[in-house]
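To be precise, the following lines are target_13.cif, and they hold mmCIF, C-alpha atoms.
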data_structure
loop_
_atom_site.group_PDB
_atom_site.id
_atom_site.type_symbol
_atom_site.label_atom_id
_atom_site.label_comp_id
_atom_site.auth_asym_id
_atom_site.auth_seq_id
_atom_site.Cartn_x
_atom_site.Cartn_y
_atom_site.Cartn_z
ATOM 1 C CA MET P 1 -35.634 69.208 -20.189
ATOM 2 C CA LYS P 2 -37.016 65.690 -20.272
ATOM 3 C CA VAL P 3 -36.052 63.276 -23.043
ATOM 4 C CA ILE P 4 -37.085 59.765 -23.992
ATOM 5 C CA ASN P 5 -34.529 57.691 -25.874
ATOM 6 C CA ILE P 6 -36.342 55.336 -28.215
ATOM 7 C CA ILE P 7 -34.049 52.421 -28.967
ATOM 8 C CA GLU P 8 -35.065 50.426 -32.019
ATOM 9 C CA THR P 9 -31.875 49.313 -33.772
ATOM 10 C CA ALA P 10 -30.627 46.412 -31.701
ATOM 11 C CA TYR P 11 -27.323 44.601 -31.279
ATOM 12 C CA ARG P 12 -25.500 47.413 -33.085
ATOM 13 C CA ALA P 13 -21.846 46.343 -32.718
ATOM 14 C CA THR P 14 -22.558 45.129 -29.191
ATOM 15 C CA LEU P 15 -19.769 42.546 -29.310
ATOM 16 C CA GLU P 16 -17.244 45.194 -30.306
ATOM 17 C CA GLU P 17 -18.576 47.824 -27.919
ATOM 18 C CA GLN P 18 -19.320 45.389 -25.080
ATOM 19 C CA ASP P 19 -22.663 47.129 -24.558
ATOM 20 C CA ASP P 20 -25.419 48.800 -26.512
ATOM 21 C CA THR P 21 -24.139 52.240 -27.406
ATOM 22 C CA ILE P 22 -27.415 54.009 -26.654
ATOM 23 C CA VAL P 23 -28.005 52.200 -23.378
ATOM 24 C CA TRP P 24 -24.436 53.245 -22.529
ATOM 25 C CA LEU P 25 -25.100 56.811 -23.647
ATOM 26 C CA THR P 26 -28.187 56.898 -21.452
ATOM 27 C CA HIS P 27 -26.170 55.676 -18.468
ATOM 28 C CA ALA P 28 -23.515 58.320 -19.109
ATOM 29 C CA MET P 29 -25.973 61.187 -19.506
ATOM 30 C CA LYS P 30 -28.018 60.068 -16.503
ATOM 31 C CA GLY P 31 -24.784 60.257 -14.541
ATOM 32 C CA THR P 32 -24.524 63.962 -15.372
ATOM 33 C CA GLY P 33 -28.026 64.622 -14.051
ATOM 34 C CA ALA P 34 -29.952 64.312 -17.291
ATOM 35 C CA GLU P 35 -33.668 63.571 -17.091
ATOM 36 C CA LEU P 36 -33.957 60.597 -19.408
ATOM 37 C CA ASP P 37 -36.192 57.604 -19.906
ATOM 38 C CA VAL P 38 -36.060 54.796 -22.465
ATOM 39 C CA LEU P 39 -38.508 53.071 -24.774
ATOM 40 C CA LEU P 40 -37.444 49.708 -26.223
ATOM 41 C CA ARG P 41 -39.141 48.882 -29.505
ATOM 42 C CA GLY P 42 -38.649 46.544 -32.448
ATOM 43 C CA ASN P 43 -35.794 44.108 -32.050
ATOM 44 C CA ALA P 44 -34.474 46.098 -29.089
ATOM 45 C CA VAL P 45 -37.223 44.606 -26.902
ATOM 46 C CA ASN P 46 -34.919 41.602 -26.728
ATOM 47 C CA TYR P 47 -32.629 43.650 -24.479
ATOM 48 C CA GLY P 48 -35.104 42.905 -21.711
ATOM 49 C CA VAL P 49 -34.695 39.134 -21.946
ATOM 50 C CA LYS P 50 -32.967 37.507 -18.992
ATOM 51 C CA GLY P 51 -30.236 34.926 -19.382
ATOM 52 C CA GLN P 52 -28.619 36.190 -22.577
ATOM 53 C CA ASP P 53 -25.105 34.841 -22.909
ATOM 54 C CA ALA P 54 -22.806 36.437 -25.450
ATOM 55 C CA PHE P 55 -19.710 34.587 -24.313
ATOM 56 C CA GLY P 56 -17.907 32.333 -26.736
ATOM 57 C CA LEU P 57 -16.646 34.602 -29.479
ATOM 58 C CA SER P 58 -13.044 33.979 -30.375
ATOM 59 C CA PHE P 59 -10.855 34.452 -33.405
ATOM 60 C CA GLY P 60 -7.825 32.206 -33.220
ATOM 61 C CA ALA P 61 -6.160 32.968 -29.911
ATOM 62 C CA MET P 62 -8.203 36.134 -29.332
ATOM 63 C CA SER P 63 -11.287 35.755 -27.155
ATOM 64 C CA GLN P 64 -13.976 38.267 -26.285
ATOM 65 C CA THR P 65 -13.631 38.133 -22.498
ATOM 66 C CA GLN P 66 -16.058 40.955 -21.660
ATOM 67 C CA PRO P 67 -19.115 40.424 -23.841
ATOM 68 C CA PRO P 68 -22.176 42.617 -23.420
ATOM 69 C CA THR P 69 -24.675 41.936 -20.653
ATOM 70 C CA LEU P 70 -27.550 43.865 -22.118
ATOM 71 C CA ALA P 71 -30.362 42.832 -19.792
ATOM 72 C CA GLU P 72 -28.176 43.678 -16.806
ATOM 73 C CA ASP P 73 -27.301 47.052 -18.327
ATOM 74 C CA VAL P 74 -31.005 47.806 -18.773
ATOM 75 C CA ALA P 75 -31.734 46.641 -15.229
ATOM 76 C CA LYS P 76 -29.063 49.028 -13.949
ATOM 77 C CA LEU P 77 -30.781 51.877 -15.763
ATOM 78 C CA ILE P 78 -33.982 51.011 -13.916
ATOM 79 C CA GLU P 79 -32.035 50.969 -10.638
ATOM 80 C CA LYS P 80 -30.833 54.489 -11.432
ATOM 81 C CA GLY P 81 -34.423 55.678 -11.744
ATOM 82 C CA VAL P 82 -34.722 55.572 -15.515
ATOM 83 C CA LEU P 83 -38.190 54.472 -16.610
ATOM 84 C CA VAL P 84 -37.744 51.772 -19.249
ATOM 85 C CA TYR P 85 -40.818 51.188 -21.380
ATOM 86 C CA ILE P 86 -41.218 48.240 -23.732
ATOM 87 C CA ILE P 87 -43.698 47.839 -26.575
ATOM 88 C CA GLU P 88 -45.865 44.877 -25.645
ATOM 89 C CA GLU P 89 -46.841 43.982 -29.226
ATOM 90 C CA ASP P 90 -43.154 43.831 -30.226
ATOM 91 C CA VAL P 91 -42.532 41.481 -27.295
ATOM 92 C CA ALA P 92 -45.445 39.245 -28.282
ATOM 93 C CA GLU P 93 -44.530 39.184 -31.998
ATOM 94 C CA ARG P 94 -41.151 37.750 -31.075
ATOM 95 C CA GLY P 95 -42.606 35.044 -28.874
ATOM 96 C CA ILE P 96 -41.003 36.446 -25.761
ATOM 97 C CA GLU P 97 -42.779 35.334 -22.591
ATOM 98 C CA ALA P 98 -43.369 37.988 -19.964
ATOM 99 C CA SER P 99 -41.720 35.665 -17.440
ATOM 100 C CA SER P 100 -38.451 35.809 -19.378
ATOM 101 C CA LEU P 101 -38.184 39.592 -19.050
ATOM 102 C CA ILE P 102 -36.269 41.403 -16.331
ATOM 103 C CA ASP P 103 -38.244 43.074 -13.567
ATOM 104 C CA GLY P 104 -39.188 46.711 -13.724
ATOM 105 C CA LEU P 105 -39.932 47.097 -17.425
ATOM 106 C CA LYS P 106 -43.052 49.097 -18.135
ATOM 107 C CA PRO P 107 -45.194 47.587 -20.914
ATOM 108 C CA VAL P 108 -46.832 50.058 -23.252
ATOM 109 C CA SER P 109 -49.023 49.313 -26.252
ATOM 110 C CA LYS P 110 -48.274 50.746 -29.681
ATOM 111 C CA SER P 111 -51.440 52.789 -29.416
ATOM 112 C CA GLY P 112 -50.157 54.295 -26.187
ATOM 113 C CA VAL P 113 -46.813 55.481 -27.553
ATOM 114 C CA ALA P 114 -48.033 58.872 -28.750
ATOM 115 C CA GLU P 115 -49.469 59.690 -25.355
ATOM 116 C CA LEU P 116 -46.290 58.452 -23.673
ATOM 117 C CA ILE P 117 -44.058 60.621 -25.831
ATOM 118 C CA SER P 118 -46.250 63.645 -25.301
ATOM 119 C CA GLY P 119 -44.973 63.704 -21.746
ATOM 120 C CA TYR P 120 -41.446 64.512 -22.902
ATOM 121 C CA ASP P 121 -39.816 67.621 -24.357
ATOM 122 C CA HIS P 122 -37.875 65.561 -26.868
ATOM 123 C CA ALA P 123 -37.977 62.044 -28.280
ATOM 124 C CA TRP P 124 -34.661 60.846 -29.674
ATOM 125 C CA HIS P 125 -35.168 57.856 -31.936
ATOM 126 C CA TRP P 126 -32.049 55.713 -32.223
ATOM 127 C CA MET Z 1 -34.644 87.823 -41.609
ATOM 128 C CA SER Z 2 -35.584 84.748 -39.645
ATOM 129 C CA GLU Z 3 -34.989 84.474 -35.930
ATOM 130 C CA LYS Z 4 -31.636 82.962 -35.081
ATOM 131 C CA LYS Z 5 -31.891 79.405 -33.848
ATOM 132 C CA THR Z 6 -29.587 76.983 -32.124
ATOM 133 C CA LEU Z 7 -29.802 73.417 -33.365
ATOM 134 C CA THR Z 8 -28.114 70.274 -32.101
ATOM 135 C CA PHE Z 9 -27.366 67.266 -34.260
ATOM 136 C CA ALA Z 10 -26.397 63.897 -32.777
ATOM 137 C CA ILE Z 11 -24.915 61.697 -35.469
ATOM 138 C CA MET Z 12 -23.463 58.208 -35.574
ATOM 139 C CA ASP Z 13 -22.587 57.117 -39.095
ATOM 140 C CA PRO Z 14 -19.021 56.951 -40.384
ATOM 141 C CA PRO Z 15 -17.953 58.644 -43.591
ATOM 142 C CA PHE Z 16 -18.100 56.833 -46.932
ATOM 143 C CA GLU Z 17 -20.748 54.290 -45.855
ATOM 144 C CA ASN Z 18 -24.231 55.631 -46.496
ATOM 145 C CA ALA Z 19 -26.319 58.599 -47.485
ATOM 146 C CA ARG Z 20 -27.194 59.607 -43.926
ATOM 147 C CA SER Z 21 -23.757 61.152 -43.424
ATOM 148 C CA THR Z 22 -24.204 63.407 -46.430
ATOM 149 C CA THR Z 23 -27.819 64.130 -45.536
ATOM 150 C CA VAL Z 24 -26.930 65.446 -42.114
ATOM 151 C CA LEU Z 25 -24.262 67.699 -43.625
ATOM 152 C CA ARG Z 26 -26.895 68.998 -46.062
ATOM 153 C CA LEU Z 27 -29.169 69.827 -43.130
ATOM 154 C CA MET Z 28 -26.313 71.566 -41.334
ATOM 155 C CA HIS Z 29 -25.611 73.527 -44.508
ATOM 156 C CA VAL Z 30 -29.150 74.902 -44.548
ATOM 157 C CA ALA Z 31 -28.766 75.962 -40.932
ATOM 158 C CA ALA Z 32 -25.312 77.443 -41.610
ATOM 159 C CA ARG Z 33 -26.644 79.498 -44.513
ATOM 160 C CA ARG Z 34 -29.291 80.892 -42.184
ATOM 161 C CA GLY Z 35 -26.641 81.907 -39.658
ATOM 162 C CA TYR Z 36 -27.871 79.522 -37.019
ATOM 163 C CA ASP Z 37 -25.684 78.281 -34.217
ATOM 164 C CA ILE Z 38 -25.093 74.577 -34.748
ATOM 165 C CA ASN Z 39 -23.994 72.002 -32.207
ATOM 166 C CA VAL Z 40 -22.786 68.611 -33.334
ATOM 167 C CA PHE Z 41 -22.264 65.597 -31.123
ATOM 168 C CA ALA Z 42 -20.443 63.004 -33.224
ATOM 169 C CA TYR Z 43 -20.814 59.571 -31.700
ATOM 170 C CA GLU Z 44 -19.315 56.247 -32.750
ATOM 171 C CA GLY Z 45 -18.320 56.174 -36.429
ATOM 172 C CA ALA Z 46 -19.292 59.794 -37.022
ATOM 173 C CA VAL Z 47 -16.119 60.888 -35.236
ATOM 174 C CA GLY Z 48 -14.375 59.935 -38.478
ATOM 175 C CA LEU Z 49 -16.096 62.703 -40.422
ATOM 176 C CA PRO Z 50 -13.594 65.433 -39.468
ATOM 177 C CA PHE Z 51 -10.571 63.079 -39.553
ATOM 178 C CA THR Z 52 -7.814 64.899 -41.429
ATOM 179 C CA LYS Z 53 -6.000 61.825 -42.694
ATOM 180 C CA GLN Z 54 -8.733 61.011 -45.202
ATOM 181 C CA SER Z 55 -7.171 61.223 -48.640
ATOM 182 C CA GLY Z 56 -8.385 61.216 -52.204
ATOM 183 C CA HIS Z 57 -7.320 58.766 -54.849
ATOM 184 C CA ALA Z 58 -7.267 58.173 -58.567
ATOM 185 C CA ASN Z 59 -10.183 56.246 -60.066
ATOM 186 C CA ALA Z 60 -9.303 53.942 -62.953
ATOM 187 C CA VAL Z 61 -12.958 53.082 -63.579
ATOM 188 C CA HIS Z 62 -13.662 56.770 -64.156
ATOM 189 C CA GLY Z 63 -10.428 57.151 -66.127
ATOM 190 C CA HIS Z 64 -9.362 59.914 -63.721
ATOM 191 C CA ASP Z 65 -6.086 60.605 -62.018
ATOM 192 C CA ALA Z 66 -6.289 61.879 -58.442
ATOM 193 C CA ASP Z 67 -6.584 65.534 -59.486
ATOM 194 C CA GLU Z 68 -9.291 64.843 -62.044
ATOM 195 C CA GLU Z 69 -11.209 62.658 -59.635
ATOM 196 C CA ASP Z 70 -11.160 65.416 -56.976
ATOM 197 C CA HIS Z 71 -12.515 62.961 -54.448
ATOM 198 C CA PRO Z 72 -14.787 64.534 -51.822
ATOM 199 C CA LEU Z 73 -13.381 64.272 -48.332
ATOM 200 C CA PRO Z 74 -15.825 64.750 -45.464
ATOM 201 C CA HIS Z 75 -13.269 66.531 -43.278
ATOM 202 C CA LYS Z 76 -13.030 69.236 -45.923
ATOM 203 C CA TRP Z 77 -16.811 69.455 -46.042
ATOM 204 C CA VAL Z 78 -16.810 69.950 -42.267
ATOM 205 C CA VAL Z 79 -14.315 72.805 -42.622
ATOM 206 C CA ALA Z 80 -16.416 74.354 -45.387
ATOM 207 C CA LEU Z 81 -19.544 74.123 -43.233
ATOM 208 C CA MET Z 82 -17.759 75.785 -40.335
ATOM 209 C CA GLU Z 83 -16.630 78.598 -42.630
ATOM 210 C CA GLU Z 84 -20.122 78.970 -44.078
ATOM 211 C CA ALA Z 85 -21.646 79.198 -40.613
ATOM 212 C CA GLN Z 86 -19.115 81.811 -39.537
ATOM 213 C CA LYS Z 87 -19.600 83.842 -42.717
ATOM 214 C CA ASN Z 88 -23.322 84.073 -41.964
ATOM 215 C CA GLY Z 89 -22.950 85.017 -38.312
ATOM 216 C CA GLY Z 90 -23.353 81.560 -36.836
ATOM 217 C CA ARG Z 91 -20.954 78.913 -35.668
ATOM 218 C CA ILE Z 92 -20.510 75.181 -35.475
ATOM 219 C CA ASP Z 93 -19.478 73.669 -32.162
ATOM 220 C CA TRP Z 94 -18.439 70.137 -33.098
ATOM 221 C CA VAL Z 95 -17.787 67.668 -30.278
ATOM 222 C CA ASN Z 96 -16.310 64.278 -31.032
ATOM 223 C CA CYS Z 97 -17.035 61.574 -28.445
ATOM 224 C CA GLY Z 98 -13.571 61.048 -27.005
ATOM 225 C CA LEU Z 99 -13.838 57.339 -26.289
ATOM 226 C CA CYS Z 100 -15.167 56.762 -29.803
ATOM 227 C CA VAL Z 101 -12.146 58.628 -31.194
ATOM 228 C CA ASP Z 102 -9.784 56.449 -29.169
ATOM 229 C CA GLU Z 103 -11.458 53.230 -30.325
ATOM 230 C CA ARG Z 104 -10.971 54.218 -33.925
ATOM 231 C CA GLY Z 105 -7.613 55.981 -33.738
ATOM 232 C CA VAL Z 106 -8.959 59.111 -35.434
ATOM 233 C CA ALA Z 107 -7.673 61.820 -33.107
ATOM 234 C CA GLU Z 108 -6.441 64.052 -35.923
ATOM 235 C CA ALA Z 109 -9.449 66.279 -36.538
ATOM 236 C CA VAL Z 110 -9.888 69.583 -38.320
ATOM 237 C CA PRO Z 111 -9.504 72.767 -36.228
ATOM 238 C CA GLY Z 112 -12.634 73.616 -34.281
ATOM 239 C CA VAL Z 113 -13.466 70.027 -33.400
ATOM 240 C CA ARG Z 114 -13.132 69.268 -29.722
ATOM 241 C CA ARG Z 115 -13.149 66.115 -27.664
ATOM 242 C CA GLY Z 116 -16.086 65.531 -25.337
ATOM 243 C CA THR Z 117 -18.463 63.193 -23.546
ATOM 244 C CA PRO Z 118 -22.183 62.361 -23.563
ATOM 245 C CA GLY Z 119 -22.548 65.127 -20.994
ATOM 246 C CA ASP Z 120 -21.768 67.571 -23.794
ATOM 247 C CA LEU Z 121 -24.688 66.219 -25.809
ATOM 248 C CA TRP Z 122 -26.983 66.852 -22.869
ATOM 249 C CA LYS Z 123 -25.655 70.399 -22.395
ATOM 250 C CA MET Z 124 -25.951 71.147 -26.097
ATOM 251 C CA ALA Z 125 -29.482 69.781 -26.342
ATOM 252 C CA SER Z 126 -30.537 71.609 -23.189
ATOM 253 C CA SER Z 127 -29.504 74.955 -24.682
ATOM 254 C CA SER Z 128 -30.890 74.360 -28.178
ATOM 255 C CA ASP Z 129 -34.167 75.156 -29.849
ATOM 256 C CA ASN Z 130 -34.273 71.597 -31.116
ATOM 257 C CA THR Z 131 -32.220 68.433 -31.434
ATOM 258 C CA LEU Z 132 -32.142 65.941 -34.259
ATOM 259 C CA VAL Z 133 -30.768 62.444 -33.760
ATOM 260 C CA ILE Z 134 -29.609 60.601 -36.877
ATOM 261 C CA PRO Z 135 -28.430 57.167 -35.738
ATOM 262 C CA THR Z 136 -26.805 54.287 -37.522
ATOM 263 C CA LYS Z 137 -29.434 51.757 -38.623
#

Encoded form using structure tokens:
Amino acid sequence: MKVINIIETAYRATLEEQDDTIVWLTHAMKGTGAELDVLLRGNAVNYGVKGQDAFGLSFGAMSQTQPPTLAEDVAKLIEKGVLVYIIEEDVAERGIEASSLIDGLKPVSKSGVAELISGYDHAWHW
Amino acid sequence: MSEKKTLTFAIMDPPFENARSTTVLRLMHVAARRGYDINVFAYEGAVGLPFTKQSGHANAVHGHDADEEDHPLPHKWVVALMEEAQKNGGRIDWVNCGLCVDERGVAEAVPGVRRGTPGDLWKMASSSDNTLVIPTK
């Protein structure tokens, strides 16, 4: 079975979870041998932006010492052999320069999504 | 008589927050009535659905004491769904993401709920006719 995880809802409790829960889920399932790829769309395309820094949150004496490193987490998925697609129109709409994205992302146009998904047994839209 | 199916649901929303939690239980109910085998992977806040320490309360706005209010409790709905599935020849295998349970301190779950990992979601989905993901938005 081959599945593509489509991640659209972004920054969902990432400061509490210290990661994106679906990127984490993908890592965990990939570790059990699952055949999974990822498509970043909507605001989640920002996960591909280098240089994000979520440090600095503190409440009184309590500091978030292990904030999420989302671009690194996505890059590690790519290192594990997960194909990570990104919708190019969603990148452009947000004014994100291609040079600010991590290496290894695979741009796909909105019009190409249907064909992309047709190559999978399941598409899980998160 | 329709062919028996196995369906997997991956859910994320906590109880008492939005309509998606009820909607997914409605979908499971349809499958349970048909005697399907149902797998549930409860992730993040959804692990609170079968939490047994949920409790009802009176509602002064409604003018009801606790008995009159008869507040719905999702953990009781989960039990009822499990019973409905069993009555019709199916079953519900409900896995709560263990780390998500620990984060929230909701280990007390109704009987039949077990602790698991994302690997369980993959196994469930791999052996199902179809899988529906209903995430938090």

Just need the box for segment 38-44 of chain P, edges along x, y and z, holding every atom the file lists for it with 3 Å tacked onto each side, so centre and edge lengths in Å to one decimal, as lines of an AutoDock Vina configuration file.
center_x = -36.8
center_y = 49.5
center_z = -27.5
size_x = 10.7
size_y = 16.7
size_z = 16.0

task = Do a neighbour search on segment 50-66 of chain Z at 7 Å with all atoms listed in the file, toss out local chain neighbours closer than 2 positions, and write the hits as a PyMOL selection string.
result = chain Z and resi 47-48+68-71+73-75+78+106+108-110

query = Looking at all atoms listed in the file, which of Z:Ala31, Z:Val113, Z:Tyr43, Z:Tyr36 is the one that sits closest to Pro135 of chain Z?
reply = Z:Tyr43

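Each of Z:Thr136, Z:Ser126, Z:Asn96, Z:Asn88 was compared to Lys4 of chain Z using all atoms listed in the file, and Z:Asn88 turns out to be the nearest.
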
query = Could you list, as a list of chain:residue names, every residue of chain P that has an atom within 8 Å of an atom of chain Z, counting only C-alpha atoms?
reply =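 So the residues of chain P near chain Z are P:Met1, P:Thr9, P:Leu25, P:Ala28, P:Met29, P:Thr32, P:Ala34, P:His122, P:Trp124, P:His125, P:Trp126.
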
As a check of understanding, name the residues that the PyMOL selection byres ((chain P and resi 45) around 10) selects in the supplied structure, as a PDB file with C-alpha atoms, keeping the file's coordinate frame.
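Here's the written file result_6.pdb:
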ATOM      1  CA  ILE P   7     -34.049  52.421 -28.967  1.00  0.00           C
ATOM      2  CA  GLU P   8     -35.065  50.426 -32.019  1.00  0.00           C
ATOM      3  CA  THR P   9     -31.875  49.313 -33.772  1.00  0.00           C
ATOM      4  CA  ALA P  10     -30.627  46.412 -31.701  1.00  0.00           C
ATOM      5  CA  LEU P  39     -38.508  53.071 -24.774  1.00  0.00           C
ATOM      6  CA  LEU P  40     -37.444  49.708 -26.223  1.00  0.00           C
ATOM      7  CA  ARG P  41     -39.141  48.882 -29.505  1.00  0.00           C
ATOM      8  CA  GLY P  42     -38.649  46.544 -32.448  1.00  0.00           C
ATOM      9  CA  ASN P  43     -35.794  44.108 -32.050  1.00  0.00           C
ATOM     10  CA  ALA P  44     -34.474  46.098 -29.089  1.00  0.00           C
ATOM     11  CA  ASN P  46     -34.919  41.602 -26.728  1.00  0.00           C
ATOM     12  CA  TYR P  47     -32.629  43.650 -24.479  1.00  0.00           C
ATOM     13  CA  GLY P  48     -35.104  42.905 -21.711  1.00  0.00           C
ATOM     14  CA  VAL P  49     -34.695  39.134 -21.946  1.00  0.00           C
ATOM     15  CA  TYR P  85     -40.818  51.188 -21.380  1.00  0.00           C
ATOM     16  CA  ILE P  86     -41.218  48.240 -23.732  1.00  0.00           C
ATOM     17  CA  ILE P  87     -43.698  47.839 -26.575  1.00  0.00           C
ATOM     18  CA  GLU P  88     -45.865  44.877 -25.645  1.00  0.00           C
ATOM     19  CA  GLU P  89     -46.841  43.982 -29.226  1.00  0.00           C
ATOM     20  CA  ASP P  90     -43.154  43.831 -30.226  1.00  0.00           C
ATOM     21  CA  VAL P  91     -42.532  41.481 -27.295  1.00  0.00           C
ATOM     22  CA  ALA P  92     -45.445  39.245 -28.282  1.00  0.00           C
ATOM     23  CA  ARG P  94     -41.151  37.750 -31.075  1.00  0.00           C
ATOM     24  CA  ILE P  96     -41.003  36.446 -25.761  1.00  0.00           C
ATOM     25  CA  LEU P 101     -38.184  39.592 -19.050  1.00  0.00           C
TER      26      LEU P 101
END

One-decimal distance in Å that lies between atom CA of Glu97 of chain P and atom CA of Gly119 of chain P = 28.5 Å

task = Please return, as an MDAnalysis selection string, all polymer residues that have at least one atom within 7 Å of the point (-17.8, 59.2, -43.8); use all atoms listed in the file and the file's own coordinate frame.
result = chainID Z and resid 14:17 21 46 48:49 74

ask   = Do you know which residues are at most 10 Å from Val84 of chain P counting all atoms listed in the file, after dropping those on the same chain fewer than 6 positions away, and could you put them as JSON, numbers by chain?
value = {"P": [4, 5, 6, 36, 37, 38, 39, 40, 48, 74, 75, 77, 78, 104, 105, 106, 107]}

query = How many Å separate atom CA of Ser58 of chain P from atom CA of Gly98 of chain Z?
reply =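 For atom CA of Ser58 of chain P relative to atom CA of Gly98 of chain Z, the distance reads 27.3 Å.
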
task = Determine the nearest neighbour of Ala54 of chain P from the options P:Leu116, P:Lys30, P:Thr14, P:Val23, counting only C-alpha atoms.
result =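 Of all the options, P:Thr14 lies closest to Ala54 of chain P.
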
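Rounded to one decimal, atom CA of Arg91 of chain Z and atom CA of Thr8 of chain Z lie 11.8 Å from each other.
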
request  = Skip Gln86 of chain Z itself and residues of its chain fewer than 5 positions away, then list as a list in words all residues within 9 Å of it, counting all atoms listed in the file.
outcome  = Ala32, Gly35, Leu81, Arg91 and Ile92 of chain Z

Selection export as a CSV table (one decimal), keeping the file's coordinate frame, atoms kept: C-alpha atoms:
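This is the output file part.csv:
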chain,number,residue,atom,x,y,z
Z,32,ALA,CA,-25.3,77.4,-41.6
Z,35,GLY,CA,-26.6,81.9,-39.7
Z,81,LEU,CA,-19.5,74.1,-43.2
Z,91,ARG,CA,-21.0,78.9,-35.7
Z,92,ILE,CA,-20.5,75.2,-35.5

Shortest interatomic distance to Glu35 of chain P - which of P:Ala71, P:Ile102, P:Val3, P:Leu57, counting only C-alpha atoms = P:Val3

request  = For Thr65 of chain P, work out the shell of residues within 12 Å, counting only C-alpha atoms and skipping chain neighbours fewer than 2 positions away, then give it as a VMD selection string.
outcome  = chain P and resid 15 to 16 18 53 to 59 61 to 63 67 to 69

query = Between P:Gln52, P:Gly33, P:Glu17, P:Gly95, which is the closest to Lys80 of chain P once you count only C-alpha atoms?
reply = P:Gly33

Rebuild all heavy atoms on segment 65-70 of chain Z, as a PDB file, in the frame of the given file?
ATOM      1  N   ASP Z  65      -7.159  60.611 -63.010  1.00  0.00           N
ATOM      2  CA  ASP Z  65      -6.086  60.605 -62.018  1.00  0.00           C
ATOM      3  C   ASP Z  65      -6.637  61.277 -60.749  1.00  0.00           C
ATOM      4  O   ASP Z  65      -7.800  61.707 -60.720  1.00  0.00           O
ATOM      5  CB  ASP Z  65      -4.822  61.281 -62.559  1.00  0.00           C
ATOM      6  CG  ASP Z  65      -5.012  62.762 -62.876  1.00  0.00           C
ATOM      7  OD1 ASP Z  65      -5.960  63.375 -62.327  1.00  0.00           O
ATOM      8  OD2 ASP Z  65      -4.224  63.300 -63.669  1.00  0.00           O
ATOM      9  N   ALA Z  66      -5.790  61.377 -59.728  1.00  0.00           N
ATOM     10  CA  ALA Z  66      -6.289  61.879 -58.442  1.00  0.00           C
ATOM     11  C   ALA Z  66      -6.823  63.304 -58.557  1.00  0.00           C
ATOM     12  O   ALA Z  66      -7.859  63.637 -57.964  1.00  0.00           O
ATOM     13  CB  ALA Z  66      -5.189  61.796 -57.383  1.00  0.00           C
ATOM     14  N   ASP Z  67      -6.132  64.142 -59.346  1.00  0.00           N
ATOM     15  CA  ASP Z  67      -6.584  65.534 -59.486  1.00  0.00           C
ATOM     16  C   ASP Z  67      -7.931  65.605 -60.205  1.00  0.00           C
ATOM     17  O   ASP Z  67      -8.832  66.339 -59.810  1.00  0.00           O
ATOM     18  CB  ASP Z  67      -5.543  66.350 -60.250  1.00  0.00           C
ATOM     19  CG  ASP Z  67      -4.337  66.681 -59.376  1.00  0.00           C
ATOM     20  OD1 ASP Z  67      -4.456  66.585 -58.137  1.00  0.00           O
ATOM     21  OD2 ASP Z  67      -3.277  67.004 -59.947  1.00  0.00           O
ATOM     22  N   GLU Z  68      -8.030  64.822 -61.276  1.00  0.00           N
ATOM     23  CA  GLU Z  68      -9.291  64.843 -62.044  1.00  0.00           C
ATOM     24  C   GLU Z  68     -10.449  64.283 -61.216  1.00  0.00           C
ATOM     25  O   GLU Z  68     -11.586  64.743 -61.322  1.00  0.00           O
ATOM     26  CB  GLU Z  68      -9.126  64.013 -63.318  1.00  0.00           C
ATOM     27  CG  GLU Z  68      -8.205  64.638 -64.355  1.00  0.00           C
ATOM     28  CD  GLU Z  68      -7.807  63.654 -65.449  1.00  0.00           C
ATOM     29  OE1 GLU Z  68      -7.800  62.429 -65.202  1.00  0.00           O
ATOM     30  OE2 GLU Z  68      -7.484  64.116 -66.547  1.00  0.00           O
ATOM     31  N   GLU Z  69     -10.154  63.281 -60.431  1.00  0.00           N
ATOM     32  CA  GLU Z  69     -11.209  62.658 -59.635  1.00  0.00           C
ATOM     33  C   GLU Z  69     -11.722  63.622 -58.570  1.00  0.00           C
ATOM     34  O   GLU Z  69     -12.915  63.655 -58.264  1.00  0.00           O
ATOM     35  CB  GLU Z  69     -10.691  61.363 -58.980  1.00  0.00           C
ATOM     36  CG  GLU Z  69     -11.716  60.606 -58.168  1.00  0.00           C
ATOM     37  CD  GLU Z  69     -12.825  59.969 -59.010  1.00  0.00           C
ATOM     38  OE1 GLU Z  69     -12.751  60.021 -60.248  1.00  0.00           O
ATOM     39  OE2 GLU Z  69     -13.780  59.440 -58.413  1.00  0.00           O
ATOM     40  N   ASP Z  70     -10.790  64.413 -57.989  1.00  0.00           N
ATOM     41  CA  ASP Z  70     -11.160  65.416 -56.976  1.00  0.00           C
ATOM     42  C   ASP Z  70     -12.121  64.816 -55.949  1.00  0.00           C
ATOM     43  O   ASP Z  70     -13.232  65.300 -55.732  1.00  0.00           O
ATOM     44  CB  ASP Z  70     -11.802  66.642 -57.655  1.00  0.00           C
ATOM     45  CG  ASP Z  70     -11.905  67.825 -56.700  1.00  0.00           C
ATOM     46  OD1 ASP Z  70     -11.202  67.835 -55.668  1.00  0.00           O
ATOM     47  OD2 ASP Z  70     -12.710  68.740 -56.989  1.00  0.00           O
TER      48      ASP Z  70
END
